[in-house]
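See below for target_38.txt, which holds compact mmCIF, N, CA and C atoms.
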# COMPACT_ATOMS: atom_id res chain seq x y z
N MET R 177 -14.83 49.05 -50.46
CA MET R 177 -15.86 48.44 -49.64
C MET R 177 -16.45 49.48 -48.70
N ASP R 178 -17.64 49.20 -48.29
CA ASP R 178 -18.36 50.06 -47.38
C ASP R 178 -17.72 50.02 -46.00
N GLY R 179 -17.70 51.14 -45.30
CA GLY R 179 -17.09 51.22 -43.97
C GLY R 179 -17.73 50.28 -42.97
N GLN R 180 -19.03 50.13 -43.03
CA GLN R 180 -19.73 49.23 -42.11
C GLN R 180 -19.36 47.78 -42.36
N ARG R 181 -19.22 47.40 -43.62
CA ARG R 181 -18.86 46.01 -43.95
C ARG R 181 -17.44 45.70 -43.49
N VAL R 182 -16.55 46.69 -43.58
CA VAL R 182 -15.18 46.49 -43.12
C VAL R 182 -15.18 46.29 -41.60
N THR R 183 -15.97 47.07 -40.89
CA THR R 183 -16.04 46.95 -39.45
C THR R 183 -16.58 45.57 -39.05
N VAL R 184 -17.60 45.10 -39.73
CA VAL R 184 -18.15 43.78 -39.43
C VAL R 184 -17.11 42.71 -39.73
N LEU R 185 -16.38 42.86 -40.81
CA LEU R 185 -15.34 41.90 -41.16
C LEU R 185 -14.24 41.89 -40.10
N ILE R 186 -13.83 43.05 -39.64
CA ILE R 186 -12.79 43.13 -38.61
C ILE R 186 -13.28 42.50 -37.31
N LEU R 187 -14.52 42.77 -36.92
CA LEU R 187 -15.07 42.16 -35.70
C LEU R 187 -15.18 40.64 -35.86
N ALA R 188 -15.50 40.18 -37.06
CA ALA R 188 -15.54 38.74 -37.30
C ALA R 188 -14.15 38.12 -37.16
N LEU R 189 -13.13 38.85 -37.58
CA LEU R 189 -11.76 38.36 -37.40
C LEU R 189 -11.39 38.29 -35.92
N PHE R 190 -11.79 39.28 -35.14
CA PHE R 190 -11.55 39.24 -33.71
C PHE R 190 -12.31 38.07 -33.07
N LEU R 191 -13.53 37.83 -33.52
CA LEU R 191 -14.31 36.70 -33.02
C LEU R 191 -13.60 35.39 -33.33
N GLY R 192 -13.13 35.25 -34.56
CA GLY R 192 -12.40 34.04 -34.93
C GLY R 192 -11.10 33.88 -34.17
N GLY R 193 -10.39 34.98 -33.98
CA GLY R 193 -9.16 34.93 -33.19
C GLY R 193 -9.44 34.54 -31.75
N GLY R 194 -10.50 35.09 -31.19
CA GLY R 194 -10.89 34.72 -29.83
C GLY R 194 -11.26 33.25 -29.72
N ALA R 195 -11.94 32.74 -30.75
CA ALA R 195 -12.30 31.32 -30.76
C ALA R 195 -11.05 30.45 -30.83
N ALA R 196 -10.06 30.88 -31.62
CA ALA R 196 -8.83 30.11 -31.72
C ALA R 196 -8.06 30.11 -30.41
N VAL R 197 -7.94 31.28 -29.79
CA VAL R 197 -7.24 31.37 -28.51
C VAL R 197 -8.01 30.60 -27.43
N GLY R 198 -9.33 30.70 -27.46
CA GLY R 198 -10.15 29.97 -26.49
C GLY R 198 -10.03 28.47 -26.66
N ALA R 199 -9.98 28.01 -27.91
CA ALA R 199 -9.82 26.57 -28.15
C ALA R 199 -8.47 26.09 -27.64
N LEU R 200 -7.44 26.88 -27.87
CA LEU R 200 -6.12 26.51 -27.34
C LEU R 200 -6.12 26.52 -25.81
N TYR R 201 -6.74 27.54 -25.23
CA TYR R 201 -6.78 27.66 -23.77
C TYR R 201 -7.52 26.48 -23.14
N PHE R 202 -8.72 26.23 -23.60
CA PHE R 202 -9.52 25.17 -22.96
C PHE R 202 -9.05 23.78 -23.37
N GLY R 203 -8.49 23.64 -24.56
CA GLY R 203 -7.89 22.37 -24.94
C GLY R 203 -6.69 22.05 -24.08
N SER R 204 -5.87 23.07 -23.81
CA SER R 204 -4.71 22.83 -22.94
C SER R 204 -5.15 22.64 -21.49
N LEU R 205 -6.28 23.21 -21.12
CA LEU R 205 -6.81 22.97 -19.78
C LEU R 205 -7.17 21.49 -19.61
N TRP R 206 -7.77 20.89 -20.62
CA TRP R 206 -8.08 19.47 -20.59
C TRP R 206 -6.79 18.65 -20.44
N TRP R 207 -5.76 19.04 -21.19
CA TRP R 207 -4.47 18.35 -21.11
C TRP R 207 -3.88 18.52 -19.70
N THR R 208 -3.99 19.71 -19.12
CA THR R 208 -3.46 19.97 -17.78
C THR R 208 -4.17 19.14 -16.73
N THR R 209 -5.48 18.99 -16.85
CA THR R 209 -6.19 18.19 -15.86
C THR R 209 -5.76 16.73 -15.91
N ARG R 210 -5.37 16.28 -17.08
CA ARG R 210 -4.89 14.90 -17.19
C ARG R 210 -3.52 14.74 -16.55
N LEU R 211 -2.77 15.82 -16.38
CA LEU R 211 -1.47 15.76 -15.71
C LEU R 211 -1.61 15.48 -14.22
N PHE R 212 -2.77 15.81 -13.65
CA PHE R 212 -2.99 15.55 -12.23
C PHE R 212 -2.91 14.06 -11.92
N GLU R 213 -3.21 13.24 -12.89
CA GLU R 213 -3.18 11.79 -12.69
C GLU R 213 -1.77 11.24 -12.56
N GLN R 214 -0.79 11.95 -13.12
CA GLN R 214 0.57 11.44 -13.17
C GLN R 214 1.40 12.00 -12.02
N ALA R 215 2.15 11.13 -11.38
CA ALA R 215 3.01 11.56 -10.29
C ALA R 215 4.27 12.21 -10.85
N GLY R 216 4.80 13.20 -10.13
CA GLY R 216 6.04 13.83 -10.51
C GLY R 216 5.94 14.82 -11.65
N ARG R 217 4.76 15.31 -11.96
CA ARG R 217 4.58 16.23 -13.08
C ARG R 217 4.23 17.64 -12.59
N LEU R 218 4.64 17.98 -11.38
CA LEU R 218 4.26 19.26 -10.79
C LEU R 218 4.81 20.44 -11.58
N ARG R 219 6.06 20.38 -12.00
CA ARG R 219 6.65 21.50 -12.76
C ARG R 219 5.93 21.71 -14.09
N THR R 220 5.66 20.62 -14.77
CA THR R 220 4.94 20.73 -16.04
C THR R 220 3.55 21.28 -15.82
N LEU R 221 2.89 20.83 -14.77
CA LEU R 221 1.55 21.31 -14.44
C LEU R 221 1.55 22.80 -14.16
N LEU R 222 2.48 23.26 -13.33
CA LEU R 222 2.54 24.68 -13.00
C LEU R 222 2.93 25.52 -14.22
N ALA R 223 3.87 25.03 -15.00
CA ALA R 223 4.28 25.77 -16.20
C ALA R 223 3.13 25.90 -17.19
N SER R 224 2.37 24.84 -17.38
CA SER R 224 1.25 24.92 -18.31
C SER R 224 0.19 25.89 -17.82
N MET R 225 -0.03 25.94 -16.53
CA MET R 225 -1.01 26.87 -15.99
C MET R 225 -0.55 28.32 -16.19
N VAL R 226 0.71 28.59 -15.91
CA VAL R 226 1.23 29.95 -16.05
C VAL R 226 1.20 30.39 -17.52
N VAL R 227 1.63 29.51 -18.41
CA VAL R 227 1.64 29.85 -19.84
C VAL R 227 0.23 30.08 -20.35
N ARG R 228 -0.70 29.22 -19.94
CA ARG R 228 -2.08 29.35 -20.38
C ARG R 228 -2.68 30.69 -19.95
N PHE R 229 -2.49 31.05 -18.68
CA PHE R 229 -3.02 32.33 -18.19
C PHE R 229 -2.33 33.51 -18.87
N ALA R 230 -1.01 33.42 -19.06
CA ALA R 230 -0.26 34.53 -19.66
C ALA R 230 -0.68 34.76 -21.11
N VAL R 231 -0.87 33.69 -21.86
CA VAL R 231 -1.25 33.85 -23.27
C VAL R 231 -2.65 34.45 -23.38
N LEU R 232 -3.61 33.89 -22.66
CA LEU R 232 -4.97 34.42 -22.74
C LEU R 232 -5.02 35.86 -22.23
N GLY R 233 -4.38 36.12 -21.11
CA GLY R 233 -4.36 37.48 -20.57
C GLY R 233 -3.69 38.46 -21.51
N GLY R 234 -2.56 38.05 -22.09
CA GLY R 234 -1.85 38.92 -23.03
C GLY R 234 -2.67 39.23 -24.26
N VAL R 235 -3.35 38.23 -24.78
CA VAL R 235 -4.20 38.46 -25.96
C VAL R 235 -5.34 39.41 -25.62
N LEU R 236 -5.99 39.20 -24.49
CA LEU R 236 -7.11 40.07 -24.13
C LEU R 236 -6.65 41.50 -23.84
N VAL R 237 -5.49 41.65 -23.22
CA VAL R 237 -4.97 43.00 -22.98
C VAL R 237 -4.63 43.68 -24.31
N ALA R 238 -3.97 42.95 -25.20
CA ALA R 238 -3.61 43.53 -26.50
C ALA R 238 -4.86 43.93 -27.29
N VAL R 239 -5.88 43.09 -27.26
CA VAL R 239 -7.11 43.40 -27.99
C VAL R 239 -7.84 44.56 -27.34
N SER R 240 -7.74 44.68 -26.02
CA SER R 240 -8.43 45.78 -25.34
C SER R 240 -7.88 47.14 -25.77
N LEU R 241 -6.65 47.17 -26.26
CA LEU R 241 -6.08 48.42 -26.75
C LEU R 241 -6.75 48.88 -28.05
N GLU R 242 -7.43 47.95 -28.72
CA GLU R 242 -8.14 48.27 -29.96
C GLU R 242 -9.53 48.85 -29.69
N GLY R 243 -10.05 48.65 -28.49
CA GLY R 243 -11.35 49.20 -28.14
C GLY R 243 -12.27 48.16 -27.54
N ALA R 244 -13.45 48.62 -27.17
CA ALA R 244 -14.40 47.77 -26.47
C ALA R 244 -15.02 46.71 -27.39
N MET R 245 -15.38 47.10 -28.59
CA MET R 245 -16.04 46.14 -29.48
C MET R 245 -15.11 44.98 -29.88
N PRO R 246 -13.85 45.24 -30.25
CA PRO R 246 -12.97 44.11 -30.52
C PRO R 246 -12.76 43.22 -29.30
N LEU R 247 -12.70 43.83 -28.11
CA LEU R 247 -12.54 43.03 -26.89
C LEU R 247 -13.77 42.16 -26.65
N LEU R 248 -14.95 42.72 -26.85
CA LEU R 248 -16.17 41.94 -26.67
C LEU R 248 -16.27 40.81 -27.69
N ALA R 249 -15.89 41.09 -28.93
CA ALA R 249 -15.92 40.06 -29.96
C ALA R 249 -14.94 38.94 -29.64
N THR R 250 -13.75 39.30 -29.16
CA THR R 250 -12.75 38.29 -28.80
C THR R 250 -13.23 37.47 -27.61
N ALA R 251 -13.80 38.13 -26.61
CA ALA R 251 -14.30 37.41 -25.44
C ALA R 251 -15.45 36.47 -25.84
N LEU R 252 -16.30 36.90 -26.75
CA LEU R 252 -17.37 36.03 -27.23
C LEU R 252 -16.79 34.81 -27.94
N GLY R 253 -15.73 35.02 -28.72
CA GLY R 253 -15.06 33.90 -29.37
C GLY R 253 -14.50 32.92 -28.36
N VAL R 254 -13.93 33.43 -27.28
CA VAL R 254 -13.39 32.56 -26.22
C VAL R 254 -14.53 31.75 -25.59
N LEU R 255 -15.65 32.39 -25.33
CA LEU R 255 -16.78 31.69 -24.73
C LEU R 255 -17.37 30.64 -25.67
N LEU R 256 -17.43 30.95 -26.95
CA LEU R 256 -17.92 29.96 -27.91
C LEU R 256 -16.97 28.76 -28.00
N ALA R 257 -15.69 29.03 -27.95
CA ALA R 257 -14.71 27.94 -27.96
C ALA R 257 -14.83 27.09 -26.70
N ARG R 258 -15.11 27.74 -25.57
CA ARG R 258 -15.30 26.99 -24.33
C ARG R 258 -16.45 26.00 -24.47
N ALA R 259 -17.56 26.47 -25.02
CA ALA R 259 -18.71 25.60 -25.20
C ALA R 259 -18.37 24.44 -26.14
N ALA R 260 -17.65 24.72 -27.20
CA ALA R 260 -17.30 23.67 -28.16
C ALA R 260 -16.35 22.65 -27.55
N VAL R 261 -15.35 23.12 -26.81
CA VAL R 261 -14.40 22.18 -26.18
C VAL R 261 -15.11 21.35 -25.12
N LEU R 262 -15.96 21.96 -24.32
CA LEU R 262 -16.69 21.20 -23.30
C LEU R 262 -17.59 20.14 -23.93
N ARG R 263 -18.24 20.48 -25.02
CA ARG R 263 -19.07 19.49 -25.71
C ARG R 263 -18.22 18.33 -26.21
N ARG R 264 -17.07 18.65 -26.75
CA ARG R 264 -16.18 17.60 -27.26
C ARG R 264 -15.64 16.72 -26.13
N VAL R 265 -15.29 17.31 -25.02
CA VAL R 265 -14.78 16.56 -23.86
C VAL R 265 -15.87 15.66 -23.30
N ARG R 266 -17.08 16.18 -23.20
CA ARG R 266 -18.19 15.36 -22.69
C ARG R 266 -18.43 14.14 -23.57
N MET R 267 -18.32 14.31 -24.89
CA MET R 267 -18.52 13.19 -25.80
C MET R 267 -17.36 12.20 -25.67
N ALA R 268 -16.14 12.69 -25.42
CA ALA R 268 -14.99 11.82 -25.30
C ALA R 268 -15.02 11.03 -23.99
N VAL R 269 -15.54 11.63 -22.94
CA VAL R 269 -15.59 10.98 -21.64
C VAL R 269 -16.74 9.96 -21.57
N ALA R 270 -17.85 10.31 -22.19
CA ALA R 270 -19.04 9.45 -22.11
C ALA R 270 -18.92 8.20 -22.92
Would you encode the structure as structure tokens?
Amino acid sequence: MDGQRVTVLILALFLGGGAAVGALYFGSLWWTTRLFEQAGRLRTLLASMVVRFAVLGGVLVAVSLEGAMPLLATALGVLLARAAVLRRVRMAVA
């Protein structure tokens, strides 16, 4: 395969990975906000926040070691997932 096509394929994989991590992050954020309604769930709430930040931060740091373009593609995937999750939440709430 052509070198340029391989690069585009790899960036598409980073974009997809970023979308998957973003969907997990923002989906779990929705779940965490629902924990605020329940009394006595402070430990679960704090643990979910720490795990969510650690996973997203760890993924972005690991991808940043690959270079700027993979990091940008992953971040774009996270932002696209954010938009998709927000759209889904708005439809569920309305």
With distances taken over only C-alpha atoms, which of R:Val239, R:Leu252, R:Met225, R:Leu218 is nearest to R:Trp206?
R:Met225
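Using all atoms listed in the file, the nearest neighbour of R:Ala188 within the list R:Val226, R:Ala244, R:Gln214, R:Ala249 is R:Ala249.
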Min atom-atom distance to R:Val261 from the set R:Thr208, R:Leu189, R:Thr183, R:Ala199, counting only C-alpha atoms, belongs to R:Ala199
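In terms of minimum interatomic distance to R:Phe229, R:Tyr201 ranks closest within R:Arg217, R:Tyr201, R:Glu242, R:Gly253, counting all atoms listed in the file.
Coordinates place atom N of R:Thr250 at a distance of 6.3 Å from atom N of R:Phe190.
Across the model, the gap from atom N of R:Val265 to atom N of R:Trp207 is 10.4 Å.
Taking atom CA of R:Ala196 as the reference point, atom C of R:Ala257 is found at 8.4 Å.
Considering only C-alpha atoms, the residue among R:Met245, R:Leu236, R:Ala270, R:Leu262 positioned nearest to R:Ile186 is R:Met245.
Across R:Ala268, R:Ala215, R:Val227, R:Leu232, the tightest approach to R:Gly198 is made by R:Leu232 when counting all atoms listed in the file.
Excluding R:Val197 and any residue on its chain fewer than 3 positions from it, the residues at most 8 Å away by only N, CA and C atoms are R:Leu191, R:Gly192, R:Gly193, R:Gly194, R:Leu200, R:Tyr201, R:Phe202, R:Gly203, R:Val231, R:Leu232, R:Gly253, R:Val254, R:Ala257, R:Arg258.
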Can stretch 213-230 of chain R be brought up to N, CA, C and O atoms and written out as an mmCIF file, in the frame of the given file?
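Ended up saving to part_36.cif:
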data_model
loop_
_atom_site.group_PDB
_atom_site.id
_atom_site.type_symbol
_atom_site.label_atom_id
_atom_site.label_comp_id
_atom_site.auth_asym_id
_atom_site.auth_seq_id
_atom_site.Cartn_x
_atom_site.Cartn_y
_atom_site.Cartn_z
ATOM 1 N N GLU R 213 -3.210 13.240 -12.890
ATOM 2 C CA GLU R 213 -3.180 11.790 -12.690
ATOM 3 C C GLU R 213 -1.770 11.240 -12.560
ATOM 4 O O GLU R 213 -1.561 10.187 -11.970
ATOM 5 N N GLN R 214 -0.790 11.950 -13.120
ATOM 6 C CA GLN R 214 0.570 11.440 -13.170
ATOM 7 C C GLN R 214 1.400 12.000 -12.020
ATOM 8 O O GLN R 214 1.370 13.185 -11.741
ATOM 9 N N ALA R 215 2.150 11.130 -11.380
ATOM 10 C CA ALA R 215 3.010 11.560 -10.290
ATOM 11 C C ALA R 215 4.270 12.210 -10.850
ATOM 12 O O ALA R 215 4.748 11.860 -11.920
ATOM 13 N N GLY R 216 4.800 13.200 -10.130
ATOM 14 C CA GLY R 216 6.040 13.830 -10.510
ATOM 15 C C GLY R 216 5.940 14.820 -11.650
ATOM 16 O O GLY R 216 6.950 15.175 -12.256
ATOM 17 N N ARG R 217 4.760 15.310 -11.960
ATOM 18 C CA ARG R 217 4.580 16.230 -13.080
ATOM 19 C C ARG R 217 4.230 17.640 -12.590
ATOM 20 O O ARG R 217 3.620 18.416 -13.312
ATOM 21 N N LEU R 218 4.640 17.980 -11.380
ATOM 22 C CA LEU R 218 4.260 19.260 -10.790
ATOM 23 C C LEU R 218 4.810 20.440 -11.580
ATOM 24 O O LEU R 218 4.096 21.409 -11.825
ATOM 25 N N ARG R 219 6.060 20.380 -12.000
ATOM 26 C CA ARG R 219 6.650 21.500 -12.760
ATOM 27 C C ARG R 219 5.930 21.710 -14.090
ATOM 28 O O ARG R 219 5.642 22.836 -14.478
ATOM 29 N N THR R 220 5.660 20.620 -14.770
ATOM 30 C CA THR R 220 4.940 20.730 -16.040
ATOM 31 C C THR R 220 3.550 21.280 -15.820
ATOM 32 O O THR R 220 3.062 22.123 -16.592
ATOM 33 N N LEU R 221 2.890 20.830 -14.770
ATOM 34 C CA LEU R 221 1.550 21.310 -14.440
ATOM 35 C C LEU R 221 1.550 22.800 -14.160
ATOM 36 O O LEU R 221 0.744 23.547 -14.724
ATOM 37 N N LEU R 222 2.480 23.260 -13.330
ATOM 38 C CA LEU R 222 2.540 24.680 -13.000
ATOM 39 C C LEU R 222 2.930 25.520 -14.220
ATOM 40 O O LEU R 222 2.363 26.592 -14.442
ATOM 41 N N ALA R 223 3.870 25.030 -15.000
ATOM 42 C CA ALA R 223 4.280 25.770 -16.200
ATOM 43 C C ALA R 223 3.130 25.900 -17.190
ATOM 44 O O ALA R 223 2.931 26.973 -17.782
ATOM 45 N N SER R 224 2.370 24.840 -17.380
ATOM 46 C CA SER R 224 1.250 24.920 -18.310
ATOM 47 C C SER R 224 0.190 25.890 -17.820
ATOM 48 O O SER R 224 -0.412 26.611 -18.634
ATOM 49 N N MET R 225 -0.030 25.940 -16.530
ATOM 50 C CA MET R 225 -1.010 26.870 -15.990
ATOM 51 C C MET R 225 -0.550 28.320 -16.190
ATOM 52 O O MET R 225 -1.334 29.169 -16.630
ATOM 53 N N VAL R 226 0.710 28.590 -15.910
ATOM 54 C CA VAL R 226 1.230 29.950 -16.050
ATOM 55 C C VAL R 226 1.200 30.390 -17.520
ATOM 56 O O VAL R 226 0.771 31.501 -17.840
ATOM 57 N N VAL R 227 1.630 29.510 -18.410
ATOM 58 C CA VAL R 227 1.640 29.850 -19.840
ATOM 59 C C VAL R 227 0.230 30.080 -20.350
ATOM 60 O O VAL R 227 -0.033 31.030 -21.096
ATOM 61 N N ARG R 228 -0.700 29.220 -19.940
ATOM 62 C CA ARG R 228 -2.080 29.350 -20.380
ATOM 63 C C ARG R 228 -2.680 30.690 -19.950
ATOM 64 O O ARG R 228 -3.267 31.409 -20.760
ATOM 65 N N PHE R 229 -2.490 31.050 -18.680
ATOM 66 C CA PHE R 229 -3.020 32.330 -18.190
ATOM 67 C C PHE R 229 -2.330 33.510 -18.870
ATOM 68 O O PHE R 229 -2.964 34.499 -19.217
ATOM 69 N N ALA R 230 -1.010 33.420 -19.060
ATOM 70 C CA ALA R 230 -0.260 34.530 -19.660
ATOM 71 C C ALA R 230 -0.680 34.760 -21.110
ATOM 72 O O ALA R 230 -0.843 35.916 -21.534
#
